[in-house]
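Text of my_file32.txt, listed as compact mmCIF, C-alpha atoms and all ligand atoms:
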# COMPACT_ATOMS: atom_id res chain seq x y z
CA MET Q 1 -6.57 17.89 -6.98
CA LYS Q 2 -5.55 17.19 -10.55
CA LYS Q 3 -8.40 16.34 -12.95
CA THR Q 4 -7.53 14.07 -15.88
CA ILE Q 5 -9.65 12.59 -18.65
CA LEU Q 6 -8.69 9.83 -21.09
CA ILE Q 7 -10.79 10.12 -24.25
CA HIS Q 8 -11.47 8.24 -27.51
CA ALA Q 9 -10.67 4.87 -25.92
CA THR Q 10 -12.22 1.42 -25.94
CA VAL Q 11 -13.14 1.15 -22.26
CA ILE Q 12 -13.43 -2.41 -20.97
CA THR Q 13 -15.16 -1.67 -17.67
CA VAL Q 14 -15.50 -5.21 -16.21
CA ASN Q 15 -18.55 -3.82 -14.39
CA ASP Q 16 -21.63 -5.90 -13.43
CA LYS Q 17 -22.98 -5.61 -16.97
CA ASN Q 18 -19.61 -6.29 -18.53
CA GLU Q 19 -19.91 -3.06 -20.53
CA VAL Q 20 -17.43 -2.18 -23.25
CA ILE Q 21 -17.66 1.46 -24.30
CA HIS Q 22 -16.48 2.27 -27.82
CA ASP Q 23 -15.15 5.81 -28.22
CA GLY Q 24 -15.33 5.99 -24.45
CA ALA Q 25 -13.75 8.13 -21.77
CA VAL Q 26 -12.56 7.70 -18.19
CA ALA Q 27 -11.95 10.70 -15.95
CA PHE Q 28 -10.35 10.79 -12.52
CA GLU Q 29 -9.73 13.41 -9.90
CA GLY Q 30 -7.02 12.66 -7.37
CA ASP Q 31 -7.17 8.91 -6.79
CA LYS Q 32 -10.85 8.35 -7.74
CA ILE Q 33 -12.72 7.74 -10.97
CA THR Q 34 -15.23 10.55 -11.60
CA TYR Q 35 -16.61 9.71 -15.05
CA VAL Q 36 -17.02 6.62 -17.23
CA GLY Q 37 -18.98 6.88 -20.46
CA PRO Q 38 -18.91 8.09 -24.02
CA THR Q 39 -16.28 10.66 -24.93
CA PRO Q 40 -17.94 14.03 -24.15
CA GLU Q 41 -18.51 16.17 -27.25
CA ASP Q 42 -17.23 19.38 -25.69
CA LEU Q 43 -14.62 19.59 -22.95
CA THR Q 44 -13.88 23.30 -23.13
CA ASP Q 45 -15.56 24.23 -19.83
CA ALA Q 46 -15.12 20.87 -18.07
CA GLY Q 47 -12.09 22.04 -16.08
CA TYR Q 48 -9.75 19.16 -16.83
CA ASP Q 49 -6.07 19.79 -16.18
CA GLU Q 50 -5.11 17.13 -18.69
CA VAL Q 51 -6.98 15.62 -21.64
CA ILE Q 52 -5.32 12.57 -23.17
CA ASP Q 53 -6.47 11.28 -26.56
CA GLN Q 54 -6.10 7.48 -26.53
CA LYS Q 55 -6.89 7.12 -30.24
CA GLY Q 56 -8.80 3.88 -29.74
CA ASP Q 57 -6.46 2.23 -27.21
CA PHE Q 58 -7.93 -0.20 -24.69
CA ILE Q 59 -8.45 0.98 -21.11
CA LEU Q 60 -8.92 -1.75 -18.51
CA PRO Q 61 -8.97 -1.97 -14.73
CA GLY Q 62 -5.45 -2.66 -13.46
CA LEU Q 63 -4.75 -6.38 -13.06
CA ILE Q 64 -4.60 -7.88 -9.57
CA ASN Q 65 -2.03 -10.57 -8.77
CA THR Q 66 -3.29 -12.39 -5.68
CA HIS Q 67 -0.27 -14.51 -4.77
CA GLY Q 68 3.48 -14.07 -4.98
CA HIS Q 69 6.84 -13.61 -3.36
CA ALA Q 70 8.39 -10.52 -4.96
CA GLY Q 71 11.83 -10.89 -3.38
CA MET Q 72 12.23 -14.28 -5.08
CA SER Q 73 12.79 -12.66 -8.47
CA LEU Q 74 16.42 -12.83 -7.37
CA LEU Q 75 16.17 -16.62 -7.86
CA ARG Q 76 14.61 -16.55 -11.33
CA GLY Q 77 16.01 -19.42 -13.37
CA TYR Q 78 18.10 -20.72 -10.49
CA ALA Q 79 16.21 -24.00 -10.02
CA ASP Q 80 13.99 -25.10 -12.88
CA ASP Q 81 12.32 -28.40 -13.63
CA LEU Q 82 11.95 -29.77 -10.12
CA PRO Q 83 8.92 -30.82 -8.06
CA LEU Q 84 7.77 -28.46 -5.29
CA GLN Q 85 9.19 -30.21 -2.23
CA GLN Q 86 12.66 -30.77 -3.71
CA TRP Q 87 12.65 -27.26 -5.20
CA LEU Q 88 11.81 -25.77 -1.79
CA GLU Q 89 13.98 -27.90 0.47
CA GLU Q 90 17.09 -28.29 -1.69
CA LYS Q 91 17.10 -25.06 -3.67
CA MET Q 92 14.93 -22.20 -2.37
CA TRP Q 93 15.27 -22.47 1.39
CA PRO Q 94 19.11 -22.78 1.46
CA LEU Q 95 19.44 -19.68 -0.75
CA GLU Q 96 16.70 -17.73 1.04
CA ALA Q 97 18.52 -18.43 4.33
CA GLN Q 98 21.31 -16.20 2.96
CA PHE Q 99 18.95 -13.39 1.95
CA THR Q 100 19.49 -10.03 3.64
CA ALA Q 101 17.19 -7.03 3.70
CA ASP Q 102 19.10 -5.80 0.63
CA SER Q 103 18.48 -9.03 -1.31
CA VAL Q 104 14.75 -8.65 -0.72
CA LYS Q 105 14.86 -4.96 -1.52
CA TRP Q 106 16.42 -5.48 -4.97
CA GLY Q 107 14.54 -8.69 -5.76
CA THR Q 108 11.34 -6.79 -5.02
CA GLN Q 109 12.40 -3.87 -7.24
CA LEU Q 110 12.80 -6.29 -10.16
CA SER Q 111 9.32 -7.63 -9.47
CA LEU Q 112 7.77 -4.18 -9.25
CA ILE Q 113 9.28 -3.24 -12.61
CA GLU Q 114 7.89 -6.36 -14.25
CA MET Q 115 4.46 -5.96 -12.72
CA ILE Q 116 4.12 -2.27 -13.62
CA ARG Q 117 5.34 -2.99 -17.15
CA THR Q 118 2.78 -5.76 -17.61
CA GLY Q 119 -0.25 -4.04 -16.14
CA THR Q 120 -0.48 -5.28 -12.57
CA THR Q 121 -1.59 -2.48 -10.24
CA THR Q 122 -2.21 -4.49 -7.04
CA PHE Q 123 -0.35 -7.54 -5.80
CA VAL Q 124 -0.26 -9.85 -2.81
CA ASP Q 125 3.12 -10.60 -1.33
CA MET Q 126 4.04 -13.17 1.30
CA TYR Q 127 7.68 -13.03 2.34
CA ASP Q 128 10.34 -12.08 4.88
CA HIS Q 129 12.06 -8.66 5.39
CA MET Q 130 8.65 -7.15 4.68
CA ASP Q 131 9.70 -3.66 5.72
CA GLU Q 132 11.84 -3.59 2.56
CA VAL Q 133 8.91 -4.74 0.46
CA ALA Q 134 6.61 -2.12 1.98
CA LYS Q 135 9.15 0.68 1.48
CA ALA Q 136 9.63 -0.35 -2.16
CA VAL Q 137 5.87 -0.48 -2.73
CA GLU Q 138 5.38 2.92 -1.12
CA ALA Q 139 8.07 4.54 -3.30
CA SER Q 140 6.90 2.83 -6.49
CA GLY Q 141 3.29 4.01 -6.18
CA MET Q 142 1.97 0.43 -6.46
CA ARG Q 143 -0.83 -1.03 -4.37
CA ALA Q 144 -0.21 -4.20 -2.36
CA ARG Q 145 -1.59 -6.53 0.28
CA LEU Q 146 1.51 -7.64 2.19
CA CYS Q 147 2.18 -10.36 4.73
CA ARG Q 148 5.16 -11.67 6.62
CA GLY Q 149 5.12 -15.39 5.72
CA MET Q 150 5.72 -17.65 8.70
CA ILE Q 151 7.32 -21.07 8.32
CA GLY Q 152 7.11 -22.96 11.59
CA LEU Q 153 9.89 -25.51 10.98
CA CYS Q 154 12.17 -23.97 13.60
CA SER Q 155 12.52 -23.60 17.38
CA GLU Q 156 9.65 -22.26 19.50
CA GLU Q 157 11.70 -19.15 20.19
CA GLU Q 158 12.12 -18.49 16.45
CA ARG Q 159 8.40 -19.07 15.81
CA GLN Q 160 7.51 -16.48 18.42
CA THR Q 161 10.03 -14.05 16.91
CA LYS Q 162 8.37 -14.52 13.51
CA LEU Q 163 4.92 -13.91 14.98
CA ALA Q 164 6.14 -10.81 16.78
CA ASP Q 165 7.76 -9.61 13.54
CA ALA Q 166 4.53 -10.19 11.58
CA THR Q 167 2.54 -8.35 14.25
CA ALA Q 168 4.90 -5.37 14.32
CA PHE Q 169 4.83 -5.23 10.52
CA ALA Q 170 1.02 -5.26 10.49
CA LYS Q 171 0.81 -2.51 13.10
CA GLU Q 172 3.29 -0.33 11.25
CA TRP Q 173 2.10 -0.80 7.67
CA HIS Q 174 -1.61 -1.65 7.54
CA ASN Q 175 -3.47 1.12 5.67
CA GLN Q 176 -0.29 3.11 5.01
CA ALA Q 177 0.94 4.83 1.82
CA ASP Q 178 -2.41 6.62 1.45
CA GLY Q 179 -4.18 3.30 1.91
CA ARG Q 180 -2.27 1.59 -0.91
CA ILE Q 181 -0.63 -0.84 1.51
CA THR Q 182 -2.76 -3.23 3.51
CA VAL Q 183 -1.69 -6.31 5.44
CA MET Q 184 -2.66 -9.94 6.14
CA MET Q 185 -1.35 -12.59 8.55
CA ALA Q 186 0.22 -15.58 6.84
CA PRO Q 187 1.10 -19.03 8.12
CA HIS Q 188 3.10 -20.46 5.19
CA ALA Q 189 1.28 -23.81 4.82
CA PRO Q 190 -0.33 -26.61 6.85
CA TYR Q 191 2.78 -28.79 6.31
CA THR Q 192 5.20 -26.16 7.62
CA CYS Q 193 3.16 -24.85 10.55
CA SER Q 194 1.87 -26.91 13.45
CA PRO Q 195 -1.82 -26.65 14.42
CA GLU Q 196 -0.73 -24.76 17.55
CA PHE Q 197 1.23 -22.20 15.53
CA ILE Q 198 -1.59 -21.75 13.01
CA THR Q 199 -4.01 -21.22 15.92
CA GLN Q 200 -1.77 -18.52 17.39
CA ILE Q 201 -1.62 -16.77 14.02
CA ILE Q 202 -5.41 -16.92 13.62
CA GLU Q 203 -5.80 -15.44 17.12
CA LYS Q 204 -3.43 -12.61 16.20
CA ALA Q 205 -5.33 -11.95 12.96
CA ASP Q 206 -8.54 -11.82 15.03
CA GLU Q 207 -7.00 -9.37 17.47
CA LEU Q 208 -5.76 -7.12 14.63
CA SER Q 209 -8.89 -7.61 12.46
CA LEU Q 210 -6.81 -8.80 9.53
CA PRO Q 211 -7.45 -11.43 6.86
CA LEU Q 212 -5.34 -14.57 6.54
CA HIS Q 213 -3.31 -15.92 3.65
CA ILE Q 214 -1.85 -19.44 3.27
CA HIS Q 215 -0.59 -21.95 0.68
CA MET Q 216 -3.09 -24.82 0.70
CA SER Q 217 -3.60 -28.16 -1.08
CA GLU Q 218 -0.88 -27.41 -3.59
CA THR Q 219 0.40 -30.97 -4.12
CA ALA Q 220 -0.83 -34.53 -3.68
CA TRP Q 221 2.12 -35.02 -1.31
CA GLU Q 222 0.81 -32.22 0.94
CA VAL Q 223 -2.66 -33.78 1.14
CA GLY Q 224 -1.21 -37.22 2.01
CA GLN Q 225 1.11 -35.70 4.59
CA ASN Q 226 -1.77 -33.82 6.23
CA GLU Q 227 -3.83 -37.01 6.41
CA LYS Q 228 -0.88 -38.88 7.93
CA ASP Q 229 -0.08 -36.17 10.49
CA TYR Q 230 -3.57 -34.98 11.44
CA GLY Q 231 -6.04 -37.53 10.03
CA LEU Q 232 -7.60 -34.83 7.88
CA ARG Q 233 -7.11 -33.29 4.46
CA PRO Q 234 -5.89 -29.66 4.51
CA VAL Q 235 -9.31 -28.04 4.01
CA ALA Q 236 -10.96 -29.90 6.91
CA HIS Q 237 -7.82 -29.37 9.00
CA LEU Q 238 -7.87 -25.57 8.52
CA GLU Q 239 -11.65 -25.48 8.96
CA LYS Q 240 -11.25 -27.33 12.27
CA LEU Q 241 -8.59 -24.84 13.39
CA GLY Q 242 -11.09 -22.04 12.76
CA MET Q 243 -9.09 -20.41 10.00
CA PHE Q 244 -12.07 -19.96 7.69
CA ASN Q 245 -14.04 -18.07 10.34
CA ARG Q 246 -11.78 -15.17 9.42
CA PRO Q 247 -11.59 -13.80 5.86
CA THR Q 248 -9.05 -16.05 4.14
CA LEU Q 249 -7.22 -16.12 0.82
CA VAL Q 250 -5.68 -19.49 -0.05
CA ALA Q 251 -3.08 -19.93 -2.76
CA HIS Q 252 -3.14 -22.93 -5.14
CA ALA Q 253 -6.11 -25.12 -4.00
CA VAL Q 254 -5.14 -27.70 -6.62
CA HIS Q 255 -6.06 -30.98 -4.91
CA LEU Q 256 -9.68 -30.60 -3.82
CA THR Q 257 -12.66 -32.92 -3.55
CA ASP Q 258 -16.19 -31.72 -4.39
CA GLU Q 259 -16.97 -31.62 -0.65
CA GLU Q 260 -13.93 -29.44 -0.03
CA ILE Q 261 -15.07 -26.99 -2.72
CA ASP Q 262 -18.43 -26.81 -0.90
CA ILE Q 263 -16.58 -25.91 2.32
CA LEU Q 264 -14.59 -23.17 0.58
CA ALA Q 265 -17.84 -21.80 -0.90
CA LYS Q 266 -19.63 -21.97 2.47
CA TYR Q 267 -16.96 -19.89 4.23
CA LYS Q 268 -16.37 -17.56 1.25
CA VAL Q 269 -12.72 -18.55 1.19
CA ARG Q 270 -10.98 -16.75 -1.69
CA VAL Q 271 -8.74 -18.81 -3.95
CA SER Q 272 -5.67 -17.62 -5.85
CA HIS Q 273 -5.21 -19.79 -8.94
CA ASN Q 274 -1.50 -20.03 -9.79
CA VAL Q 275 -1.79 -21.84 -13.08
CA VAL Q 276 1.75 -21.37 -14.45
CA SER Q 277 3.50 -22.19 -11.18
CA ASN Q 278 1.32 -25.27 -10.68
CA LEU Q 279 2.15 -26.52 -14.16
CA LYS Q 280 5.86 -25.78 -13.94
CA LEU Q 281 6.26 -27.54 -10.57
CA ALA Q 282 4.02 -30.34 -11.87
CA SER Q 283 1.69 -29.86 -8.90
CA GLY Q 284 -1.44 -30.39 -10.99
CA VAL Q 285 -4.42 -28.43 -12.30
CA ALA Q 286 -6.84 -26.77 -9.90
CA PRO Q 287 -10.56 -27.54 -10.42
CA VAL Q 288 -11.32 -23.96 -11.41
CA PRO Q 289 -14.54 -24.48 -13.41
CA LYS Q 290 -16.03 -26.45 -10.50
CA MET Q 291 -15.00 -23.79 -7.99
CA LEU Q 292 -16.45 -20.99 -10.12
CA ALA Q 293 -19.67 -22.97 -10.67
CA LYS Q 294 -20.06 -23.33 -6.90
CA GLY Q 295 -19.55 -19.61 -6.35
CA VAL Q 296 -15.99 -19.66 -5.04
CA SER Q 297 -14.17 -16.42 -5.84
CA VAL Q 298 -11.12 -17.50 -7.86
CA SER Q 299 -8.51 -14.93 -8.85
CA LEU Q 300 -5.11 -15.19 -10.51
CA GLY Q 301 -1.64 -15.32 -9.00
CA THR Q 302 1.81 -15.71 -10.50
CA ASP Q 303 3.53 -17.14 -7.42
CA SER Q 304 7.20 -16.16 -7.64
CA SER Q 305 9.56 -15.72 -10.56
CA ALA Q 306 11.47 -18.69 -9.18
CA SER Q 307 8.61 -21.00 -10.18
CA ASN Q 308 6.92 -19.10 -13.02
CA ASN Q 309 9.43 -17.55 -14.26
CA ASN Q 310 7.95 -14.08 -14.74
CA LEU Q 311 5.25 -11.90 -13.21
CA ASN Q 312 3.34 -11.19 -16.40
CA LEU Q 313 -0.28 -11.81 -15.37
CA PHE Q 314 -1.39 -11.82 -19.03
CA GLU Q 315 0.12 -15.32 -19.19
CA GLU Q 316 -2.05 -16.48 -16.29
CA LEU Q 317 -5.04 -14.81 -17.91
CA LYS Q 318 -4.69 -16.68 -21.18
CA LEU Q 319 -3.74 -19.99 -19.60
CA ALA Q 320 -6.63 -19.83 -17.13
CA ALA Q 321 -8.94 -19.33 -20.09
CA ILE Q 322 -7.55 -22.14 -22.26
CA LEU Q 323 -6.15 -24.80 -19.93
CA HIS Q 324 -9.46 -25.67 -18.32
CA LYS Q 325 -11.09 -26.02 -21.73
CA GLY Q 326 -8.43 -28.55 -22.68
CA VAL Q 327 -8.37 -30.64 -19.51
CA ASN Q 328 -12.17 -30.69 -19.18
CA ASN Q 329 -12.88 -31.25 -22.87
CA ASP Q 330 -15.17 -28.26 -22.65
CA PRO Q 331 -14.70 -25.25 -24.98
CA VAL Q 332 -16.96 -23.08 -22.83
CA ALA Q 333 -15.07 -23.68 -19.57
CA VAL Q 334 -13.73 -20.35 -18.22
CA PRO Q 335 -14.93 -18.08 -21.06
CA ALA Q 336 -12.87 -14.98 -21.88
CA GLU Q 337 -15.15 -12.66 -19.87
CA GLU Q 338 -14.83 -14.88 -16.80
CA ALA Q 339 -11.03 -15.11 -17.14
CA LEU Q 340 -10.87 -11.31 -17.28
CA ARG Q 341 -13.02 -11.09 -14.15
CA MET Q 342 -10.58 -13.45 -12.43
CA ALA Q 343 -7.73 -11.04 -13.23
CA THR Q 344 -9.66 -7.97 -12.05
CA ARG Q 345 -12.97 -8.12 -10.13
CA TYR Q 346 -12.31 -11.44 -8.42
CA GLY Q 347 -8.78 -10.24 -7.70
CA ALA Q 348 -10.28 -7.27 -5.88
CA ASP Q 349 -12.34 -9.74 -3.87
CA GLY Q 350 -9.18 -11.79 -3.25
CA VAL Q 351 -7.54 -8.78 -1.61
CA PHE Q 352 -10.78 -7.97 0.23
CA GLN Q 353 -11.19 -4.64 -1.57
CA SER Q 354 -14.02 -5.26 -4.02
CA ASP Q 355 -15.71 -1.99 -2.98
CA THR Q 356 -12.86 0.09 -4.31
CA LEU Q 357 -10.93 -1.98 -6.87
CA GLY Q 358 -11.42 -4.39 -9.78
CA SER Q 359 -13.58 -2.48 -12.27
CA ILE Q 360 -13.85 0.90 -13.95
CA GLU Q 361 -16.73 2.58 -12.14
CA VAL Q 362 -17.33 6.04 -10.73
CA GLY Q 363 -16.12 6.22 -7.13
CA LYS Q 364 -13.64 3.38 -7.44
CA GLN Q 365 -9.90 3.89 -7.33
CA ALA Q 366 -8.30 5.10 -10.55
CA ASP Q 367 -6.21 1.94 -11.03
CA LEU Q 368 -6.13 1.69 -14.81
CA ILE Q 369 -4.03 0.26 -17.59
CA VAL Q 370 -3.89 1.27 -21.23
CA LEU Q 371 -3.04 -1.23 -23.97
CA ASP Q 372 -1.71 -0.05 -27.32
CA SER Q 373 -4.40 -1.31 -29.70
CA HIS Q 374 -2.51 -0.20 -32.81
CA GLN Q 375 -0.87 -3.55 -33.38
CA ALA Q 376 -1.63 -6.32 -35.85
CA HIS Q 377 -2.63 -8.81 -33.15
CA PHE Q 378 -5.53 -6.56 -32.05
CA HIS Q 379 -7.11 -6.51 -35.52
CA PRO Q 380 -9.67 -6.81 -37.05
CA ALA Q 381 -10.91 -4.36 -34.42
CA HIS Q 382 -13.84 -6.16 -32.81
CA GLU Q 383 -14.41 -8.31 -29.69
CA PRO Q 384 -11.95 -6.38 -27.48
CA ILE Q 385 -12.35 -8.75 -24.52
CA SER Q 386 -11.42 -11.70 -26.71
CA HIS Q 387 -8.36 -9.82 -27.98
CA VAL Q 388 -7.25 -8.89 -24.44
CA VAL Q 389 -7.58 -12.46 -23.14
CA TYR Q 390 -6.46 -14.54 -26.11
CA ALA Q 391 -4.23 -12.25 -28.19
CA ALA Q 392 -2.65 -9.69 -25.86
CA ASN Q 393 0.61 -9.91 -24.00
CA GLY Q 394 2.10 -7.86 -21.19
CA ARG Q 395 4.25 -5.77 -23.51
CA ASP Q 396 1.08 -4.25 -24.99
CA VAL Q 397 0.62 -2.25 -21.78
CA LYS Q 398 1.77 1.31 -22.46
CA ASP Q 399 0.40 3.13 -19.39
CA THR Q 400 -0.07 1.94 -15.82
CA ILE Q 401 -1.98 4.20 -13.43
CA VAL Q 402 -2.45 3.56 -9.70
CA ALA Q 403 -4.57 5.81 -7.49
CA GLY Q 404 -4.69 8.33 -10.32
CA LYS Q 405 -0.91 8.51 -10.70
CA PHE Q 406 1.00 7.36 -13.79
CA LEU Q 407 3.63 4.78 -12.81
CA MET Q 408 4.40 4.10 -16.46
CA ARG Q 409 3.56 6.37 -19.39
CA ASN Q 410 4.20 5.47 -23.01
CA HIS Q 411 6.26 2.48 -21.78
CA LYS Q 412 8.51 4.71 -19.66
CA LEU Q 413 8.73 3.87 -15.95
CA LEU Q 414 8.30 6.98 -13.85
CA THR Q 415 8.87 5.83 -10.27
CA ILE Q 416 11.66 3.23 -10.43
CA ASP Q 417 15.24 3.41 -11.70
CA GLU Q 418 15.17 0.29 -13.86
CA GLU Q 419 18.84 0.23 -14.82
CA ARG Q 420 19.98 0.49 -11.19
CA ALA Q 421 17.51 -2.18 -10.05
CA ILE Q 422 18.76 -4.63 -12.67
CA TYR Q 423 22.38 -3.92 -11.75
CA GLU Q 424 21.78 -4.33 -8.00
CA ALA Q 425 19.70 -7.50 -8.41
CA ASN Q 426 22.55 -9.12 -10.35
CA ARG Q 427 25.02 -7.99 -7.69
CA MET Q 428 22.82 -9.47 -4.93
CA PHE Q 429 22.51 -12.78 -6.76
CA GLN Q 430 26.29 -13.03 -7.24
CA LYS Q 431 26.75 -12.72 -3.46
CA LEU Q 432 24.77 -15.90 -2.77
CA LYS Q 433 26.65 -19.17 -2.18
CA ARG Q 434 25.21 -21.73 -4.59
C1 LIG Q 501 8.59 -17.12 4.16
S1 LIG Q 501 7.11 -17.08 3.26
C2 LIG Q 501 7.48 -17.48 1.62
C3 LIG Q 501 8.01 -18.87 1.44
O1 LIG Q 501 7.22 -19.54 0.50
C4 LIG Q 501 8.05 -20.28 -0.32
N1 LIG Q 501 7.34 -20.59 -1.57
C5 LIG Q 501 7.46 -20.00 -2.76
N2 LIG Q 501 6.64 -20.58 -3.64
C6 LIG Q 501 5.99 -21.55 -2.97
C7 LIG Q 501 5.03 -22.50 -3.33
O2 LIG Q 501 4.56 -22.59 -4.56
N3 LIG Q 501 4.58 -23.33 -2.39
C8 LIG Q 501 5.05 -23.29 -1.14
N4 LIG Q 501 5.98 -22.42 -0.74
C9 LIG Q 501 6.44 -21.56 -1.65
C10 LIG Q 501 9.26 -19.43 -0.50
O3 LIG Q 501 10.35 -20.17 -0.96
C11 LIG Q 501 9.43 -18.86 0.88
O4 LIG Q 501 10.26 -19.63 1.67
ZN ZN Q 502 3.66 -19.12 -3.04

Would you give me this structure, written as structure tokens?
Amino acid sequence: MKKTILIHATVITVNDKNEVIHDGAVAFEGDKITYVGPTPEDLTDAGYDEVIDQKGDFILPGLINTHGHAGMSLLRGYADDLPLQQWLEEKMWPLEAQFTADSVKWGTQLSLIEMIRTGTTTFVDMYDHMDEVAKAVEASGMRARLCRGMIGLCSEEERQTKLADATAFAKEWHNQADGRITVMMAPHAPYTCSPEFITQIIEKADELSLPLHIHMSETAWEVGQNEKDYGLRPVAHLEKLGMFNRPTLVAHAVHLTDEEIDILAKYKVRVSHNVVSNLKLASGVAPVPKMLAKGVSVSLGTDSSASNNNLNLFEELKLAAILHKGVNNDPVAVPAEEALRMATRYGADGVFQSDTLGSIEVGKQADLIVLDSHQAHFHPAHEPISHVVYAANGRDVKDTIVAGKFLMRNHKLLTIDEERAIYEANRMFQKLKR
């Protein structure tokens, strides 16, 4: 197995002690980290196949995007400035109904390019034609937690076809691509899936020992609708259906009462905070400081490029750190260190892989990103965490490494043909009837 060491770097470990190592080094053998510490004085007999001098660049754990729909990059910019329900019903769903496996394949390629370029090493994806997504992830070298999203607003026969499709996908792809691909079961939302359908999906997740993923409490409309239809708000509704007895990741969680936050904390429900998407669709602002204070694990998600309109998690990172200060009149809400944990450690928890991902520690997966620190906006050279959260942007990422393999080196993508992907995505979009 190849042994590599990155030396003379500023290593932002995001470990328990939040250590930052100046003139530090990170070594990995195969897919695992084998050394984290000061740059060794003498490497002559250490047996490394490759020694890379980072000249002070920042090394961080790869970022983890805990909610999105990669295929939807095909619809970037197609329907801006609308509220969620109108955006979905009048714009997204009619176009998605025309999507083929090829549309999803090329939409996903665009997303993978953006994510690798901006330092995401693991992402969650909920969509249709998931075989195409899984094949693209496998070839790209990325890590992903994938799920076939199920919308229940169709005939019983179609619902059962979707459940069978999700089950077959899970059986075929869970723990594949050397463990880089894992799977969840995903009812789309409480307002698009009946209680009976959600129950069937929970039972299937139980049978397959898989976590669950769902959009929840995204808009005030959704909460009102749930109360009207079932006499309960979404959190109590899903609790009653037994969803939270299984490991669950919910996306959005914008409209929550204090009691609902207590329920999420009690069941260790993971929350994906989609700050840009929630602002753009005018859904609201999730009570993130309250959730964090009550011990809820809150990570960051982009949602899709159709509501974001990019997959650059550095934007979520900065906004998560500053928005909650503004709306709560509290300059210490979501400090920089906590925002960075949301993008890394808590993300690892969000994908149920905190043992192996989310920080730079010996034994964990070598999922690393390198930021070019030789730029004006990273100087004066102090407080690296502050610079990464408040001053950095996705284009600062020069190297992206997943499972010890470079997917991008010196800004050059190594596993995806970018020009072809851009060409094909445009061709796919032109085929859609708008
Ligand atoms: C078939 S699963 C994916 C499904 O979700 C839709 N979607 C995208 N973004 C959101 C969002 O913010 N809330 C609810 N649903 C969303 C997407 O259009 C797909 O149909
Ligand atoms: Zn979504």

Counting all atoms listed in the file, which residue out of Q:Lys405, Q:Arg148, Q:His324, Q:His188 sits closest to Q:Phe169? Q:Arg148

Between chain Q and ligand ZN 502 (chain Q), at 7 Å or less, what are the per-residue closest atom pairs and their distances in Å? Count only C-alpha atoms and all ligand atoms, order by chain and rising residue number, and return it as a Markdown table.
| residue | atom | partner | partner_atom | distance |
| --- | --- | --- | --- | --- |
| Q:His67 | CA | Q:ZN502 | ZN | 6.3 |
| Q:Gly68 | CA | Q:ZN502 | ZN | 5.4 |
| Q:His69 | CA | Q:ZN502 | ZN | 6.4 |
| Q:His215 | CA | Q:ZN502 | ZN | 6.3 |
| Q:Ala251 | CA | Q:ZN502 | ZN | 6.8 |
| Q:Asp303 | CA | Q:ZN502 | ZN | 4.8 |
| Q:Ser304 | CA | Q:ZN502 | ZN | 6.5 |

Please, could you write that set of residues out with C-alpha atoms as a PDB file, keeping the file's coordinate frame?
ATOM      1  CA  HIS Q  67      -0.270 -14.510  -4.770  1.00  0.00           C
ATOM      2  CA  GLY Q  68       3.480 -14.070  -4.980  1.00  0.00           C
ATOM      3  CA  HIS Q  69       6.840 -13.610  -3.360  1.00  0.00           C
ATOM      4  CA  HIS Q 215      -0.590 -21.950   0.680  1.00  0.00           C
ATOM      5  CA  ALA Q 251      -3.080 -19.930  -2.760  1.00  0.00           C
ATOM      6  CA  ASP Q 303       3.530 -17.140  -7.420  1.00  0.00           C
ATOM      7  CA  SER Q 304       7.200 -16.160  -7.640  1.00  0.00           C
TER       8      SER Q 304
END

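The closest residue to ligand LIG 501 (chain Q), picked from Q:Lys266, Q:Arg117, Q:Lys280, Q:Arg246 and counting all atoms listed in the file, is Q:Lys280.
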
Enclose the full set of atoms of stretch 146-158 of chain Q listed in the file within a box whose edges lie along x, y and z, apply 3 Å of padding to each of the six sides, and report centre and edge lengths in Å to one decimal as lines of an AutoDock Vina configuration file.
center_x = 7.0
center_y = -16.6
center_z = 11.2
size_x = 17.0
size_y = 23.9
size_z = 24.0

Using all atoms listed in the file, find the one residue out of Q:Pro247, Q:Pro190, Q:Pro38, Q:Gly62 that sits nearest to Q:Val397.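 Checking each of Q:Pro247, Q:Pro190, Q:Pro38, Q:Gly62 against Q:Val397, counting all atoms listed in the file, the winner is Q:Gly62.
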
Show me which residues line ligand LIG 501 (chain Q), defined as having an atom within 8 Å of a ligand atom where only C-alpha atoms and all ligand atoms count, and present them as a PyMOL selection string. chain Q and resi 68-69+72+84+88+92-93+96+126-128+148-151+186-189+215+218+252+277-278+281+303-304+306-307

From the set Q:Ala321, Q:Ile263, Q:Leu95, Q:Leu279, which residue has the shortest atom-to-atom contact distance to Q:Val296, counting all atoms listed in the file?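 Looking only at the distances to Q:Val296, the closest residue turns out to be Q:Ile263.
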
Q:Pro384, Q:Pro83, Q:Gly347, Q:Gly284: which is nearest Q:Ala253, counting all atoms listed in the file?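 Looking at the shortest contact to Q:Ala253, the residue is Q:Gly284.
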